[in-house]
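**Q** Let me give you the structure first, and then I'll get to my questions.
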Amino acid sequence: MFHHKPRIKVLIIDDEKHFTEELQELLQKSGFEAFESNTPEHGLEVLETQEIDLLVLDVRLPRVNGLDVLKEVKAKYPNIEVIIVSAHGDMDTVISAMRLGAIDYLRKPFRHIDIQIAIERTQKFLKLQRKIVQIEEKASLISKNLEDRIERHLIGESCQLREVLDMALTASRYPLTNVLVTGESGTGKENIARIIHYASERKDNIFYAVNSSAITDSLMESEFFGHKKGAFTGALTDKKGFFEVCNNGTLFLDEIADMPMNLQAKILRAIEEKKITRVGDTGEITTDFRIISATNRNVEQLIQEGKFRLDLLHRLNTLHIHVPPLRERPEDIAPLLYHFAVDFSTRLNKPIPMISEKAVKALKKYSFPGNVRELKNMVERAVILCKENCLKEKDFPVNTTETGLSQARPVSYNLRETEINIIHAALRDFDYNQTSTAKALGITRDALIRRMRKYDITIKKSEQPC
């Protein structure tokens, strides 16, 4: 089994040997790493040699006032949480202990369940998490400060992902340069765009993400360029467009390949001149924005088919970053797996599970047509349904046989065919529910319906959801 989190270390300081031995045994069985001390002096020695998370302290100790020990511990080790125990119901002592920083109080004798509940309450303050943060920072390729800014993680160990990050950080140093991010659906293209923005000198200004396929054709020009009051029916007030809103910031255009041709010329002019005119207005507005665009489609092929402008591609593609699919970087599967398990367990208030080696090996053999997004959905489902404190191979129902693997891989490297195959697979996996399928694919339901029409994908009557 893999433990993807260190165990919480608990120290018990109490002069009753049988009490410390019994409690140590209980805590060890409950998954903690427990230490016992029968004198304050020895207890303080343990604190110097071990990174203790939680102290269980008797306030009535021979020759020493437990409150003085508490005071010394909190002064030297302010991050250690302390549970006070005492055979005496002296509330003045309890109140004093709480004021000195104790987190909880238990009166002897107490049941095993009482100490377990007290520790579980304390774990929320420990966040189990000082340790988990260390692991996340080790697995994450970006700093905690940058993670907080982008509100995302970049988890992995592979050389491919490190190269992508290196290119993103290089791009961040040139805030006037437009960047095109390519990669299959679910690979985390927006994460890369956010890293570029928030690592750049534009970081204190807006990052605005737009899904080009999610805006109706009739409103697209108004959304990008804004409109003047009265410009059309429903234009009740002046409105800023995306370009104006992103002045001194970054406009992230996702699904750029789905932008209608009639809008592409206007977008190109806005990028070249950094000036826009609102719909229904005549005056030009200067705006300084950076464009980061993304697509999972073959733009070169769309240009040959006359569906995308070559001159617009040249403007968007000054720097090109390609995010490889998860199947090409299996080294990233284990750290992502652990990260999502911790994340969902914390959100769902469930114990953080171990993950079996067999489960990790099985997932490394799977091709992940839905990439990181698919793995994330898998882990969420596994954590919700898990009855034990361990995620096993059976908790990830994927076909990882050689036949299944070859079938799961795209039948060609044609992005159109690959997209059609992924939509078919997602519809099957989500029982042909369009809302759930769209969410799994990371697009809106309307965008899914448009793609289904575009590729002539229909749902048979027998496949309709109940």
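In the structure tokens, the first chain shown is A, the next is B, and so on; residue numbers restart at 1 for each chain, and ligands run from 1 in the order shown.
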Going by DSSP on the backbone, which bits of segment 156-361 of chain A are helix (DSSP H, G or I)? Write them as number ranges by chain, please.
**A** A: 159-172, 189-198, 217-225, 242-245, 256-258, 261-273, 299-304, 310-316, 326-328, 330-347, 357-361
**Q** Using only C-alpha atoms, which protein or nucleic acid residues come within 10 Å of Val323 of chain A? Drop anything in the same chain fewer than 5 positions from it, and give the result as a PyMOL selection string.
**A** chain A and resi 160-161+163-165+181-184+187-189+192+296
**Q** Those same residues - C-alpha atoms - I'd like them written as a short mmCIF file (atom, residue, chain, number, x, y, z; two decimals), in the first residue's frame.
**A**
data_model
loop_
_atom_site.label_atom_id
_atom_site.label_comp_id
_atom_site.auth_asym_id
_atom_site.auth_seq_id
_atom_site.Cartn_x
_atom_site.Cartn_y
_atom_site.Cartn_z
CA GLN A 160 7.29 16.72 -20.44
CA LEU A 161 5.34 18.67 -17.84
CA GLU A 163 9.23 21.50 -20.14
CA VAL A 164 5.70 22.90 -20.47
CA LEU A 165 6.13 24.81 -17.21
CA VAL A 181 -1.64 26.59 -25.96
CA THR A 182 -2.61 23.34 -27.66
CA GLY A 183 -3.48 19.92 -26.30
CA GLU A 184 -6.30 17.43 -25.99
CA THR A 187 -4.94 18.30 -20.28
CA GLY A 188 -5.09 21.56 -18.30
CA LYS A 189 -4.53 24.23 -20.95
CA ILE A 192 -0.91 26.94 -18.23
CA ASN A 296 -7.69 20.97 -28.88
#
**Q** Of the candidates A:Asn349, A:Thr177, A:Asn377, A:Ser30, which one gets nearest to Ile119 of chain A if we count only C-alpha atoms?
**A**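 Between A:Asn349, A:Thr177, A:Asn377, A:Ser30, the residue approaching Ile119 of chain A most closely is A:Ser30.
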